[in-house]
Each structure stands twice: as structure tokens, then as C-alpha cells.
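Data block for data35.csv (CSV, C-alpha atoms and all ligand atoms):
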chain,number,residue,atom,x,y,z
K,281,MET,CA,55.4,-95.8,56.1
K,282,GLY,CA,57.3,-96.3,59.5
K,283,THR,CA,58.8,-93.3,61.2
K,284,VAL,CA,60.2,-90.4,59.2
K,285,LEU,CA,61.5,-87.1,60.6
K,286,TYR,CA,61.7,-84.1,58.2
K,287,TYR,CA,64.6,-82.1,59.4
K,288,TYR,CA,67.2,-79.4,58.7
K,289,PRO,CA,70.5,-79.5,60.6
K,290,GLY,CA,70.3,-77.8,64.0
K,291,ASN,CA,66.7,-76.7,63.5
K,292,ALA,CA,63.8,-77.5,65.9
K,293,SER,CA,63.9,-81.0,64.4
K,294,LEU,CA,67.0,-81.6,66.5
K,295,LEU,CA,64.8,-82.3,69.6
K,296,PRO,CA,62.8,-85.2,68.1
K,297,HIS,CA,66.0,-86.4,66.4
K,298,MET,CA,67.8,-86.6,69.7
K,299,MET,CA,64.8,-88.3,71.2
K,300,LEU,CA,64.6,-90.9,68.4
K,301,ARG,CA,68.2,-91.8,69.1
K,302,GLU,CA,67.6,-91.9,72.9
K,303,ILE,CA,64.7,-94.3,72.2
K,304,GLY,CA,66.8,-96.4,69.8
K,305,ALA,CA,63.8,-96.4,67.3
K,306,GLU,CA,64.1,-97.2,63.7
K,307,PHE,CA,63.5,-94.1,61.7
K,308,ALA,CA,64.4,-92.3,58.5
K,309,LEU,CA,65.7,-88.7,58.3
K,310,ARG,CA,64.4,-86.6,55.3
K,311,LEU,CA,66.2,-83.4,54.7
K,312,VAL,CA,64.0,-80.3,54.0
K,313,ASP,CA,66.5,-78.2,52.0
K,314,ARG,CA,66.0,-74.7,53.3
K,315,ALA,CA,68.5,-73.4,50.6
K,316,LYS,CA,65.7,-74.3,48.1
K,317,SER,CA,62.9,-73.2,50.5
K,318,GLU,CA,61.6,-76.7,50.4
K,319,GLN,CA,59.7,-76.0,53.6
K,320,LYS,CA,57.4,-73.8,51.5
K,321,SER,CA,56.9,-76.4,48.7
K,322,ALA,CA,53.5,-77.7,47.9
K,323,GLU,CA,54.6,-81.2,48.9
K,324,TYR,CA,55.8,-80.1,52.3
K,325,LEU,CA,52.9,-77.8,52.9
K,326,ARG,CA,50.6,-80.8,52.6
K,327,LEU,CA,52.4,-82.2,55.7
K,328,ASN,CA,52.7,-78.9,57.6
K,329,PRO,CA,50.6,-76.0,56.3
K,330,ASN,CA,52.7,-73.6,58.4
K,331,GLY,CA,55.8,-74.3,56.2
K,332,ARG,CA,58.0,-74.9,59.2
K,333,ILE,CA,60.4,-77.6,60.3
K,334,PRO,CA,60.0,-80.3,61.7
K,335,VAL,CA,57.3,-82.8,60.7
K,336,LEU,CA,57.1,-86.3,62.1
K,337,ILE,CA,55.4,-89.1,60.2
K,338,ASP,CA,54.7,-92.0,62.5
K,339,GLY,CA,52.7,-94.7,60.7
K,340,ASP,CA,49.4,-93.0,59.6
K,341,LEU,CA,50.1,-90.0,61.8
K,342,VAL,CA,51.5,-86.7,60.4
K,343,LEU,CA,52.5,-84.4,63.2
K,344,PHE,CA,53.8,-80.8,63.3
K,345,GLU,CA,54.9,-78.7,66.3
K,346,THR,CA,58.1,-79.7,68.0
K,347,ALA,CA,56.7,-79.9,71.5
K,348,ALA,CA,53.8,-82.0,70.3
K,349,ILE,CA,56.1,-84.4,68.4
K,350,ALA,CA,58.3,-84.7,71.5
K,351,MET,CA,55.4,-85.5,73.8
K,352,HIS,CA,54.1,-88.0,71.3
K,353,LEU,CA,57.4,-89.7,71.1
K,354,ALA,CA,57.8,-89.8,74.9
K,355,ASP,CA,54.3,-91.4,75.2
K,356,ARG,CA,54.9,-93.9,72.3
K,357,HIS,CA,58.1,-95.2,73.9
K,358,PRO,CA,57.6,-95.1,77.7
K,359,GLU,CA,60.4,-97.6,78.1
K,360,ALA,CA,62.9,-94.8,77.1
K,361,ARG,CA,61.8,-92.8,80.2
K,362,LEU,CA,61.9,-89.5,78.4
K,363,ALA,CA,58.9,-88.3,80.4
K,364,PRO,CA,57.6,-89.3,83.9
K,365,PRO,CA,54.6,-91.7,83.8
K,366,VAL,CA,51.1,-90.3,83.3
K,367,GLY,CA,49.6,-89.6,86.7
K,368,ALA,CA,52.9,-89.0,88.5
K,369,ALA,CA,53.3,-85.6,90.1
K,370,GLU,CA,56.4,-85.0,88.0
K,371,ARG,CA,54.4,-85.5,84.9
K,372,SER,CA,52.8,-82.2,85.5
K,373,GLU,CA,56.2,-80.6,85.9
K,374,PHE,CA,57.2,-82.1,82.6
K,375,TYR,CA,54.1,-80.5,80.9
K,376,LYS,CA,55.0,-77.2,82.5
K,377,TRP,CA,58.6,-77.3,81.1
K,378,MET,CA,57.6,-78.5,77.6
K,379,VAL,CA,55.0,-75.8,77.2
K,380,HIS,CA,57.1,-73.1,78.8
K,381,LEU,CA,60.1,-73.9,76.5
K,382,THR,CA,58.1,-74.0,73.3
K,383,ASN,CA,55.8,-71.1,74.2
K,384,THR,CA,58.4,-68.7,75.7
K,385,PRO,CA,62.0,-69.0,74.6
K,386,GLN,CA,61.4,-71.0,71.4
K,387,ALA,CA,58.7,-68.5,70.3
K,388,GLU,CA,61.0,-65.6,71.2
K,389,TYR,CA,63.7,-67.0,69.1
K,390,ARG,CA,61.5,-66.3,66.0
K,391,ALA,CA,62.1,-62.6,66.6
K,392,TRP,CA,65.8,-63.1,67.1
K,393,PHE,CA,66.3,-65.3,64.0
K,394,TYR,CA,63.6,-63.7,61.8
K,395,PRO,CA,63.4,-60.0,62.9
K,396,ASP,CA,62.2,-59.0,59.4
K,397,GLU,CA,59.0,-60.9,60.0
K,398,HIS,CA,58.2,-58.5,62.9
K,399,VAL,CA,58.7,-55.1,61.2
K,400,ALA,CA,57.0,-53.1,58.5
K,401,ASP,CA,60.2,-51.1,58.0
K,402,PRO,CA,63.3,-53.3,57.4
K,403,ALA,CA,65.5,-50.6,59.1
K,404,ALA,CA,63.8,-51.5,62.4
K,405,ALA,CA,64.9,-55.1,62.2
K,406,PRO,CA,68.2,-54.8,64.1
K,407,ALA,CA,66.4,-53.1,67.0
K,408,VAL,CA,63.7,-55.8,67.1
K,409,LYS,CA,66.5,-58.5,67.1
K,410,ALA,CA,68.4,-56.7,69.9
K,411,ALA,CA,65.2,-56.5,72.0
K,412,ALA,CA,64.5,-60.2,71.4
K,413,GLY,CA,68.1,-61.0,72.6
K,414,LYS,CA,67.5,-59.0,75.8
K,415,ARG,CA,64.2,-60.8,76.5
K,416,LEU,CA,65.8,-64.2,75.8
K,417,GLU,CA,68.7,-63.4,78.2
K,418,ALA,CA,66.1,-62.6,80.9
K,419,MET,CA,64.2,-65.9,80.1
K,420,PHE,CA,67.4,-68.0,80.3
K,421,GLY,CA,68.3,-66.2,83.6
K,422,ARG,CA,65.0,-67.3,85.1
K,423,ILE,CA,65.4,-70.9,83.8
K,424,ALA,CA,68.9,-71.0,85.2
K,425,ALA,CA,67.7,-69.9,88.6
K,426,GLN,CA,65.2,-72.8,88.6
K,427,LEU,CA,67.9,-75.3,87.5
K,428,ALA,CA,70.5,-74.2,90.1
K,429,GLY,CA,71.5,-77.0,92.4
K,430,ARG,CA,70.0,-79.7,90.3
K,431,GLU,CA,71.2,-81.9,87.5
K,432,TRP,CA,68.1,-81.9,85.3
K,433,LEU,CA,65.0,-79.8,85.0
K,434,LEU,CA,62.8,-82.5,86.7
K,435,ALA,CA,63.6,-83.8,90.2
K,436,SER,CA,62.8,-87.3,88.9
K,437,GLY,CA,65.7,-87.2,86.5
K,438,PHE,CA,66.6,-86.7,82.9
K,439,SER,CA,63.7,-86.1,80.4
K,440,ALA,CA,62.9,-84.8,77.0
K,441,ALA,CA,62.6,-81.3,78.6
K,442,ASP,CA,66.4,-81.4,79.1
K,443,LEU,CA,67.0,-82.1,75.4
K,444,PHE,CA,64.7,-79.2,74.6
K,445,LEU,CA,66.5,-76.9,76.9
K,446,PHE,CA,69.9,-78.0,75.4
K,447,MET,CA,68.6,-77.2,71.9
K,448,LEU,CA,67.5,-73.7,72.9
K,449,VAL,CA,70.8,-73.0,74.7
K,450,ARG,CA,72.6,-74.1,71.6
K,451,TRP,CA,70.6,-71.7,69.4
K,452,GLY,CA,71.8,-68.8,71.5
K,453,ARG,CA,75.5,-69.5,71.0
K,454,ALA,CA,75.9,-66.3,68.8
K,455,MET,CA,74.0,-64.0,71.2
K,456,PRO,CA,75.9,-61.1,72.9
K,457,LYS,CA,75.5,-63.0,76.2
K,458,PRO,CA,75.2,-66.7,75.2
K,459,PRO,CA,73.0,-68.7,77.5
K,460,ARG,CA,75.9,-71.2,78.0
K,461,GLU,CA,77.6,-68.5,80.0
K,462,ILE,CA,74.9,-68.7,82.7
K,463,ALA,CA,76.7,-71.3,84.9
K,464,PRO,CA,73.9,-73.9,85.4
K,465,LEU,CA,73.0,-73.8,81.7
K,466,GLY,CA,76.5,-74.4,80.5
K,467,ALA,CA,77.0,-77.3,82.9
K,468,HIS,CA,73.6,-78.7,82.0
K,469,ALA,CA,74.4,-78.5,78.3
K,470,ALA,CA,77.7,-80.4,79.0
K,471,ARG,CA,75.7,-83.1,80.7
K,472,VAL,CA,73.3,-83.4,77.8
K,473,LEU,CA,76.3,-83.4,75.3
K,474,ALA,CA,77.8,-86.4,77.2
K,475,ARG,CA,74.9,-88.6,76.2
K,476,PRO,CA,75.8,-90.9,73.3
K,477,ALA,CA,72.4,-90.4,71.6
K,478,VAL,CA,72.9,-86.6,71.5
K,479,ALA,CA,76.4,-87.0,70.1
K,480,ALA,CA,75.1,-89.4,67.4
K,481,ALA,CA,72.2,-87.0,66.4
K,482,LEU,CA,74.6,-84.0,66.1
K,483,ALA,CA,77.1,-86.1,64.1
K,484,ALA,CA,74.3,-87.4,61.8
K,485,GLU,CA,73.2,-83.8,61.1
K,486,GLY,CA,76.8,-82.8,60.3
K,487,ILE,CA,77.0,-80.4,63.3
K,488,ALA,CA,80.5,-79.9,64.6
K,489,ALA,CA,81.9,-78.2,67.8
K,490,PRO,CA,81.4,-75.7,69.3
K,491,PHE,CA,78.0,-77.2,70.0
K,492,VAL,CA,76.7,-74.5,72.4
Q,1,LIG,N1,56.3,-73.8,66.6
Q,1,LIG,C1,57.0,-74.4,65.5
Q,1,LIG,C2,58.2,-73.6,65.0
Q,1,LIG,C3,59.0,-74.3,64.0
Q,1,LIG,C4,60.0,-73.3,63.4
Q,1,LIG,O1,60.0,-72.1,63.6
Q,1,LIG,N2,61.0,-73.9,62.6
Q,1,LIG,C5,62.0,-73.2,61.9
Q,1,LIG,C6,63.3,-73.9,62.0
Q,1,LIG,S1,63.9,-74.0,63.7
Q,1,LIG,C7,61.6,-73.1,60.4
Q,1,LIG,O2,60.9,-73.9,59.9
Q,1,LIG,N3,62.1,-72.0,59.8
Q,1,LIG,C8,61.9,-71.8,58.4
Q,1,LIG,C9,60.8,-70.9,58.0
Q,1,LIG,O3,60.1,-70.4,58.9
Q,1,LIG,O4,60.6,-70.8,56.8
Q,1,LIG,C10,57.5,-75.8,66.0
Q,1,LIG,O5,58.0,-75.9,67.1
Q,1,LIG,O6,57.5,-76.8,65.2

Starting from the coordinates I provided, produce the structure as C-alpha cells.
Ligand SMILES: N[C@@H](CCC(=O)N[C@@H](CS)C(=O)NCC(=O)O)C(=O)O
Amino acid sequence: MGTVLYYYPGNASLLPHMMLREIGAEFALRLVDRAKSEQKSAEYLRLNPNGRIPVLIDGDLVLFETAAIAMHLADRHPEARLAPPVGAAERSEFYKWMVHLTNTPQAEYRAWFYPDEHVADPAAAPAVKAAAGKRLEAMFGRIAAQLAGREWLLASGFSAADLFLFMLVRWGRAMPKPPREIAPLGAHAARVLARPAVAAALAAEGIAAPFV
């Protein structure tokens, strides 16, 4: 079956999409039409029982969870240098950032984008969203402090973790205090945006400026 990425523009699928273009791999994009709730269709649930985007098909492998897909792609294509080699000290830092980004800000974004899922009384949703926004602000502040004075998250250079951070910074562009306004994060996003593979992924998804 080759490599197929199930995506929706700008969703978590953007990370593996940018990676596939960095790699220069052959792949097909398959739109999961959220307007028709296709992520909850019987066909899609066979691929991801959680009903969430993305899914990657890589030959016989069917994979869900963005971070797992990203780490899989980095391992499958070591020549693209999207992760430090296994055994290198920086590899552990790479794991740290991938797990932190998926487990902390990405997970928190569920409460920001889907506050209704977190309340019994719909009237409480705006307060839940506002509180998630505040927690995200604090999380991005801590990430920014660790990024200060360096170009990329890892001392060894650019990696998939930078693409992940860029995607999360982008998601916050409508927050009261967008993460791009925290200086190292805005500059970091600009560096990521300058990469031709990233521009190509955004264009292919029909995403126009402002990107972050
Ligand atoms: N932990 C999952 C979360 C994926 C996720 O929340 N995807 C969102 C889009 S960014 C989604 O599918 N939303 C539609 C829905 O929940 O119905 C992952 O990283 O793959």
C-alpha cells in the first residue's frame, strides 16, 4: 500500500506531513473530512479506534498517535536526520522533547479547542477554555526559557521536535497571548517556516499566511 497519511489541514497530521516532505519520501495524502465527521466513520475507526487524526499507513503498519508516527518516520529514514542516532546522548533529549510536547502542551490543547468535552454543564466551557489558555501560556513560557540562546531544541541541531514545537506554536495563534509573541518561539517558528519542506506542506494543505 506504500505510505499514506490521513490528514486534515493544520491538524496534528501536519507534523508527519512536514516530516515526509523533509524526508523526500513518496507518500499519498488522504483527507479525513471533519465537516462530515469522517474521523468517526466505521472505515476510519478501523484504522484509529480513537477517531482522531492522524493515521499513518506505512506498508503493513497502521499507526496512530502523532508522536509515535513522528518517531517511527525519523527511525525509518535516518538519512533525513530528523532525530539524533540511537545511542547518542542527544537521542535521550529528543525523546524528552517529543514526549513532553505530546503529553503536555498538545494534550492541554484538547481543553482549549474542545472545552465542551471537559464539562458537564456547557455554561462552564468558556471558563475551562480560559484556564487551558493560561496553562498553555505558562507551558510555552517554560519551553521558551529552555530555547533561549539556541537555534533549535536540541544542541545537536534541527530535529522533528522543532517541527512539533512549530505546529503547537501555530495552533496558539488565536490565543489571548499567542506563543509567537514569546520572543524565542516567534524566531524559532520563523526559522522552521524558512524550510522549503515546511512551506511545501503548508501549501499542499491549502494553509495561507499568517502561519503562526
Ligand atoms: N493524541 C492524539 C490526538 C489527536 C487529536 O486530538 N487530533 C485532533 C485534530 S488535531 C482530532 O482528531 N480532532 C477531531 C476529533 O477529536 O474528533 C495524537 O497525537 O494523534

* Contacts of Pro395 in chain K at 12 Å (all atoms listed in the file; same-chain gap of 6+ positions) as a PyMOL selection string -> chain K and resi 388-389+401-413

* Between CA of Ala481 in chain K and CA of Leu300 in chain K, what is the distance, to one decimal in Å? ->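 Result for CA of Ala481 in chain K versus CA of Leu300 in chain K: 8.8 Å, one decimal.
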
Show me, as a tab-separated table, the residues of chain K having an atom within 7 Å of ligand LIG 1 (chain Q), each with the closest atom pair and its distance in Å, using only C-alpha atoms and all ligand atoms.
residue	atom	partner	partner_atom	distance
K:Asn291	CA	Q:LIG1	S1	3.9
K:Ala292	CA	Q:LIG1	S1	4.1
K:Gln319	CA	Q:LIG1	O4	6.2
K:Lys320	CA	Q:LIG1	O4	6.9
K:Gly331	CA	Q:LIG1	O4	6.0
K:Arg332	CA	Q:LIG1	O2	3.1
K:Ile333	CA	Q:LIG1	O2	3.8
K:Pro334	CA	Q:LIG1	O6	5.5
K:Phe344	CA	Q:LIG1	O6	5.8
K:Glu345	CA	Q:LIG1	O6	3.4
K:Thr346	CA	Q:LIG1	O5	3.9
K:Ala347	CA	Q:LIG1	O5	6.1
K:Thr382	CA	Q:LIG1	O5	6.5
K:Ala387	CA	Q:LIG1	N1	6.9
K:Arg390	CA	Q:LIG1	O1	6.5

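Using only C-alpha atoms, the shortest contact distance between Arg361 in chain K and any of K:Gly452, K:Gly437, K:Pro329, K:Gly486 is found at K:Gly437.
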
* Nearest to Val492 in chain K, chosen from K:Arg371, K:Lys376, K:His468, K:Arg453, with only C-alpha atoms counted in the distances ->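 Counting only C-alpha atoms, the residue closest to Val492 in chain K is K:Arg453.
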
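With only C-alpha atoms as the atoms that count, the minimum distance from Glu461 in chain K to the choices K:Ala424, K:Met419, K:Ala479, K:Leu445 is reached by K:Ala424.
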
* Hey, can you check how far CA of Phe446 in chain K sits from CA of Ala469 in chain K? -> 5.4 Å
